[in-house]
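J.: Have a look at this one.
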Amino acid sequence: MILPLLLWWLLPAAEPAHKLYACGITSRGWVVGLKLPPSGLFLNAAGGWQRLGYTHPAIETLDYDPRNPRVIYLAAGNGCVRSTDGGATWRITTSWDITELRDVSVDRNRPDTVWVALPDGVGVTRDAGRSWTWRGPATARKFTQTIRVDRLRAGRVLAGGEAGLFLTSDDGAVWRQVLAGVQVTDVAQSPHDAGEWMAATQDGGVFLSRDSGQQWRRVSGLPAAVFYNASYDPAMRGRIAVAGWGFGVMVSEDGGKSWVARTAGLPSHNVWRTSFDPDHPGRLYASVHEEALFVSADSGENWRSAGLPGSILTDMIFVPETRR
Amino acid sequence: MIALLLLALSTTGDESFAQRVEKVIAHNAQGSTGYQHIAARLHRREDAAWASTKLVELLRDPGGDMFWMFPVTAIAYLDRGQLSAEARQALRQAWKTYMPYRGDTENHWLLYYTCLYLMAQKYPGEAGETWYTGKSSAENFQEAEGWLRHWMELTTTIGQGEYDCTHYIGVYLLPLSYLAAWAEDPAMRRRARMMLDWVIADFAVENLNGIYVGAHARTDDKQVLEKWNGVSSDFGWLLFGLGHPLPGYSYYGFFYAASSAYQPPEVIRRIATDRTRDYVHKERKRTRHRWRFTDVRNAPVYKTTYMRRDYAVGSDQGGILQPIQQHSWDVTWEVNDPRGVHNTIFSLHPYSSTHELQMYFTPMPDFITEAVVRSKKTYDSPDKFLGGSPFEQIVQDRDTVIALYQIPPGTRFPHINGFFSKDLRDIDEHASGWIFAQGGRTFLAYRPLAQYEWRPIKEGGRRLLSEHRSNGTIVQAASAAEFADFNEFKRAIVALPLDVRMDPTPSVSMKTLRGSRIEAVYGRAPVIDGRAVRYEDWKLFDGPYLNAEVGGRRMVLTHGDQHHVIDFNALP
């Protein structure tokens, strides 16, 4: 156990195929109304973190155009903000009527189509942000926290929020409620099996679907807590991490059948987000509330700080280095 | 000499509006640390070299989001050829390199879009690369105008969202003043003046010697007790010469004065200053945007305010109508000098929950309360005097208020706080169950509907703590001049027919001092003189001075021979 960890720290890493971005704010000691410490979008480069683009208190997450990963879409308080040059310049693509974005997802098979989760529903652009329309479920409770487009099927989208989880297979023309009675905080598609999805909730635990999001069952073996995130390890089939408040990080190595707490070494058990590094099997990042970003080389058995002290990170995203 | 003259005028209280404006600007021209001091010097065409140097220095590190935008926009317009080329360049460049956050509520957006509108107007025809938005001047202008018109439409049809705020009224008057002064489009300037009239009239009709009274969407821990001590009073003084300005004047009052210094029409001044007649004024407002836990994004708010020379009584219908800083009802009594005086009485359920915060804000639950408490210190405090509760229902008839509480088991802080000011006199816990007191020239009768204890308040006075989940408060006010003495008032109150029940829900059946019969049952529409209150019929403004229909975009202002109409339907 110790030797691999030592080697990981001492040996030079192979050139990664992905860049790591982090979204969030440096909030420790900050009070609304005071000058905001470094916040917004951060890029892990040259062994450290650099802030990219504008300081902003509400950049929730990002997604990218698979045809050109230098095209980035931010889900931000000021709207959906787009860069076409890797973050050198930006444009707020939305207008006044779209606010406080919670999530963004690019349709991998039709990348000019971008979906956003909004406090008042679901928005979509068909022309890479030049124009936007509302295209969400016809439900009275519209708060939407998370949205993902099926990576294999254009126009097939899962959107989760206060009213549960909704699925459309026809580009948002018709939405069907597939999970009810819970407030969904995150939805993730397995990188190994496109038919497998996970959903984290504020009040009902974690759910798993093996039929492309149509039917869901609650995952057992997890505590009663607020879950903010479920993430798959792209490099290891069956390995999943969930993060949340009070319990920290739990990891399953068998596709969600059993779970172990992976909090030893973390300064608190309040974790906003986890994310696996696709270039390094078992390398897991965790955003620990107002402490720092932490990283583990062994799926959470051991942790060390990875920078960004005092932060709340709402997402850590790996973006391909080169065009694909 | 001018300073002496101003000082002399300030002690006489006979200043004109123009003199008050000049005082505010002159005061700020003496400072040397912030944007407002630069703006004041530019306004007076003084010290342009210093202003330029200071501006370059401040713009090296912009911060404050929309609250940064407004002083910088004012400086851009007050420049008028005075700033150095370097300072002007730094100012323009900041709108490329710094992205202000648009915020999450109406006052933020009004600041943000007013400033974006004016800056896009000032720098027309420039490409997206020169703006933090990435949008061209024309696109920024169009977006800003779109939101401004949208907000005006909402406000004049279903009411203001952050209604009747004691602090944030300044954040509404300031940008409207900018537009009234600096919008090149005559239609926008006219719209802005009309919105100023609308918001100022809304304040004028519910002020008591410059103090904003009644229910508020937002006030703060200080001003909810010391009713004078806030931005609204500064505007009461600036606009109408009422009461007293804040020491050093408010930041917002200064920028109002330094931009349009708009003086509302005479009819509004008369409405603000005439308290010779008692009147009931009713309003319909709306909640700010509610994102979760409700099907109604902007729910209606129903306000009642009873104005008299000696006191005012105001309320909303109860419930969570705004997060954190709501103030639902009180009696405010008039005093000659309200500075340092806690001239109010009220009760509330000190509600605190992530449910409320998630209803109005987008973040996740676990940190949201702590994040709020960092700036709103008392939000999660059991002894607070600020905030609404979903378990409070209120009915008012003139100077009688009945507030009923039914707090479910398991609720955080399952008790009632009653505020008893240090400035009340002759408090008498009468054997009848009423608590009598005097505030200023006002007699007060306060009836707790459940057992209570007293707790000291750090700022002075006592907190009535009643640890019963089924609870309520009745307050009846009257002018001392109506009675021979305090004892006669007490006898009159004790003689009022009153039936209080707590099972199965709190209910009160009573006859008021004014002869009205009120039936209040928690969970049901209140009944006054045999008629259920039909909130759905309430107008946007309804009273002797201001009248507006829901959806009407039109307010009629009347006072004596003065008549004025604000009509947005007449605009393109």
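In the structure tokens, chains take the letters A, B, ... in the order shown, each chain's residues start at 1, and ligands count up from 1 in the order shown.
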Write out as CSV a residue-level contact list of chain A versus chain B with cut-off 6 Å: for each qualifying residue the closest pair of atoms and the distance in Å to one decimal, counting only C-alpha atoms, rows sorted by chain and residue number upward.
T.:
residue,atom,partner,partner_atom,distance
A:Val31,CA,B:Arg374,CA,5.8
A:Lys35,CA,B:Gly63,CA,5.4
A:Tyr54,CA,B:Met99,CA,5.9
A:Asn78,CA,B:Arg102,CA,5.7
A:Trp90,CA,B:Gly134,CA,5.8
A:Arg91,CA,B:Gly134,CA,4.0
A:Ile92,CA,B:Thr133,CA,5.4
A:Pro119,CA,B:Trp291,CA,5.8
A:Ala140,CA,B:Asp295,CA,5.4
A:Arg141,CA,B:Asp295,CA,5.9
A:Phe143,CA,B:Trp291,CA,5.9
J.: Any idea what's packed within 7 Å of Ala241 of chain A, counting only C-alpha atoms, ignoring anything in its chain fewer than 5 positions away? Could you give it as an mmCIF file with N, CA and C atoms, in the first residue's frame?
T.:
data_model
loop_
_atom_site.group_PDB
_atom_site.id
_atom_site.type_symbol
_atom_site.label_atom_id
_atom_site.label_comp_id
_atom_site.auth_asym_id
_atom_site.auth_seq_id
_atom_site.Cartn_x
_atom_site.Cartn_y
_atom_site.Cartn_z
ATOM 1 N N ALA A 230 -22.704 11.650 -7.844
ATOM 2 C CA ALA A 230 -22.325 10.260 -8.092
ATOM 3 C C ALA A 230 -21.399 10.268 -9.299
ATOM 4 N N SER A 231 -20.266 9.600 -9.190
ATOM 5 C CA SER A 231 -19.327 9.628 -10.325
ATOM 6 C C SER A 231 -18.737 8.248 -10.581
ATOM 7 N N TYR A 232 -18.552 7.992 -11.847
ATOM 8 C CA TYR A 232 -17.972 6.731 -12.290
ATOM 9 C C TYR A 232 -16.473 6.909 -12.549
ATOM 10 N N VAL A 249 -17.198 10.748 1.545
ATOM 11 C CA VAL A 249 -17.063 10.011 0.289
ATOM 12 C C VAL A 249 -17.270 8.528 0.573
ATOM 13 N N MET A 250 -18.067 7.881 -0.275
ATOM 14 C CA MET A 250 -18.177 6.425 -0.209
ATOM 15 C C MET A 250 -17.906 5.873 -1.599
ATOM 16 N N VAL A 251 -17.254 4.733 -1.619
ATOM 17 C CA VAL A 251 -16.826 4.164 -2.897
ATOM 18 C C VAL A 251 -17.316 2.720 -2.999
ATOM 19 N N SER A 252 -17.775 2.383 -4.156
ATOM 20 C CA SER A 252 -18.143 0.997 -4.462
ATOM 21 C C SER A 252 -17.201 0.487 -5.546
ATOM 22 N N THR A 274 -17.152 14.651 -6.121
ATOM 23 C CA THR A 274 -16.000 13.800 -6.420
ATOM 24 C C THR A 274 -15.874 13.695 -7.928
#
J.: Quick one: everything within 7 Å of Ser275 of chain A, counting only C-alpha atoms, minus sequence neighbours fewer than 6 positions away in the same chain. Send it as a list of chain:residue names.
T.: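 Residues near the query, excluding close chain neighbours: A:Ser231, A:Leu284, A:Tyr285, A:Ala286, A:Met316.
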J.: So that I have them on file, write out the residues from the current selection with N, CA and C atoms, as a tab-separated table (two decimals), in the first residue's frame.
T.:
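Listing of result00.tsv after writing:
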chain	number	residue	atom	x	y	z
A	231	SER	N	-20.27	9.60	-9.19
A	231	SER	CA	-19.33	9.63	-10.32
A	231	SER	C	-18.74	8.25	-10.58
A	284	LEU	N	-8.81	9.85	-7.53
A	284	LEU	CA	-10.12	10.42	-7.19
A	284	LEU	C	-9.93	11.78	-6.53
A	285	TYR	N	-10.68	12.74	-7.00
A	285	TYR	CA	-10.66	14.08	-6.41
A	285	TYR	C	-11.93	14.28	-5.58
A	286	ALA	N	-11.79	15.02	-4.49
A	286	ALA	CA	-12.95	15.33	-3.66
A	286	ALA	C	-12.87	16.79	-3.20
A	316	MET	N	-15.58	19.31	-10.68
A	316	MET	CA	-14.24	19.12	-11.23
A	316	MET	C	-14.42	18.33	-12.52
J.: What lies within 8 Å of segment 503-506 of chain B using only C-alpha atoms, ignoring chain neighbours under 2 positions off, as a list in words?
T.: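 Residues near the query, excluding close chain neighbours: Leu404, Tyr405, Gln406, Ser470, Asn471, Gly472, Val500, Arg501, Val508, Val521 and Tyr522 of chain B.
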J.: Going by DSSP on the backbone, which residues of segment 262-491 of chain B come out as helix (DSSP H, G or I)? List them as JSON, numbers by chain.
T.: {"B": [266, 267, 268, 269, 270, 271, 272, 273, 354, 355, 356, 357, 358, 359, 360, 365, 366, 367, 368, 369, 370, 371, 372, 373, 374, 375, 480, 481, 482, 486, 487, 488, 489, 490, 491]}
J.: What lies within 12 Å of His563 of chain B using only C-alpha atoms, ignoring chain neighbours under 3 positions off, as number ranges by chain?
T.: B: 265-268, 270-271, 544-547, 555-560, 566
J.: Keeping only C-alpha atoms, take the residues you just selected and write them out as an mmCIF file, in the first residue's frame.
T.:
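Contents of again_14.cif, freshly written:
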data_model
loop_
_atom_site.group_PDB
_atom_site.id
_atom_site.type_symbol
_atom_site.label_atom_id
_atom_site.label_comp_id
_atom_site.auth_asym_id
_atom_site.auth_seq_id
_atom_site.Cartn_x
_atom_site.Cartn_y
_atom_site.Cartn_z
ATOM 1 C CA PRO B 265 -44.515 66.230 -8.142
ATOM 2 C CA GLU B 266 -46.286 68.319 -5.536
ATOM 3 C CA VAL B 267 -49.063 65.789 -5.070
ATOM 4 C CA ILE B 268 -46.576 63.219 -3.757
ATOM 5 C CA ARG B 270 -48.475 66.480 0.012
ATOM 6 C CA ILE B 271 -49.293 62.798 0.392
ATOM 7 C CA PRO B 544 -57.679 57.938 -0.455
ATOM 8 C CA TYR B 545 -54.446 59.019 -2.150
ATOM 9 C CA LEU B 546 -53.178 56.209 -4.387
ATOM 10 C CA ASN B 547 -55.235 53.943 -6.586
ATOM 11 C CA MET B 555 -51.682 54.781 -10.847
ATOM 12 C CA VAL B 556 -53.925 57.688 -9.940
ATOM 13 C CA LEU B 557 -52.596 60.027 -7.260
ATOM 14 C CA THR B 558 -54.945 62.407 -5.546
ATOM 15 C CA HIS B 559 -54.568 64.885 -2.731
ATOM 16 C CA GLY B 560 -57.022 67.732 -2.330
ATOM 17 C CA ILE B 566 -48.840 57.707 -13.915
#
J.: Using only C-alpha atoms, which residues sit within 9 Å of Gly340 of chain B once same-chain residues fewer than 2 positions away are excluded, as a list in words?
T.: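 Listing them by chain and then by number gives Glu226, Lys227, Trp228, Asn229, Asp337, Pro338 and His342 of chain B.
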J.: I'd like the neighbourhood of Thr144 of chain A as a ChimeraX atom specification, where a residue qualifies if any of its atoms comes within 8 Å (using only C-alpha atoms), though same-chain residues fewer than 2 positions away should be ignored.
T.: /A:102,117-122,142,146-147,159-162
J.: Mind listing the strand (DSSP E) residues of segment 38-196 of chain A, per DSSP on the backbone, as JSON, numbers by chain?
T.: {"A": [40, 41, 42, 43, 44, 45, 48, 49, 50, 51, 52, 59, 60, 61, 62, 63, 64, 65, 68, 69, 70, 71, 72, 73, 74, 75, 76, 79, 80, 81, 82, 83, 91, 92, 103, 104, 105, 106, 114, 115, 116, 117, 118, 121, 122, 123, 124, 125, 133, 134, 144, 145, 146, 147, 148, 149, 157, 158, 159, 160, 161, 164, 165, 166, 167, 168, 175, 176, 177, 178, 179, 184, 185, 186, 187, 188, 189]}
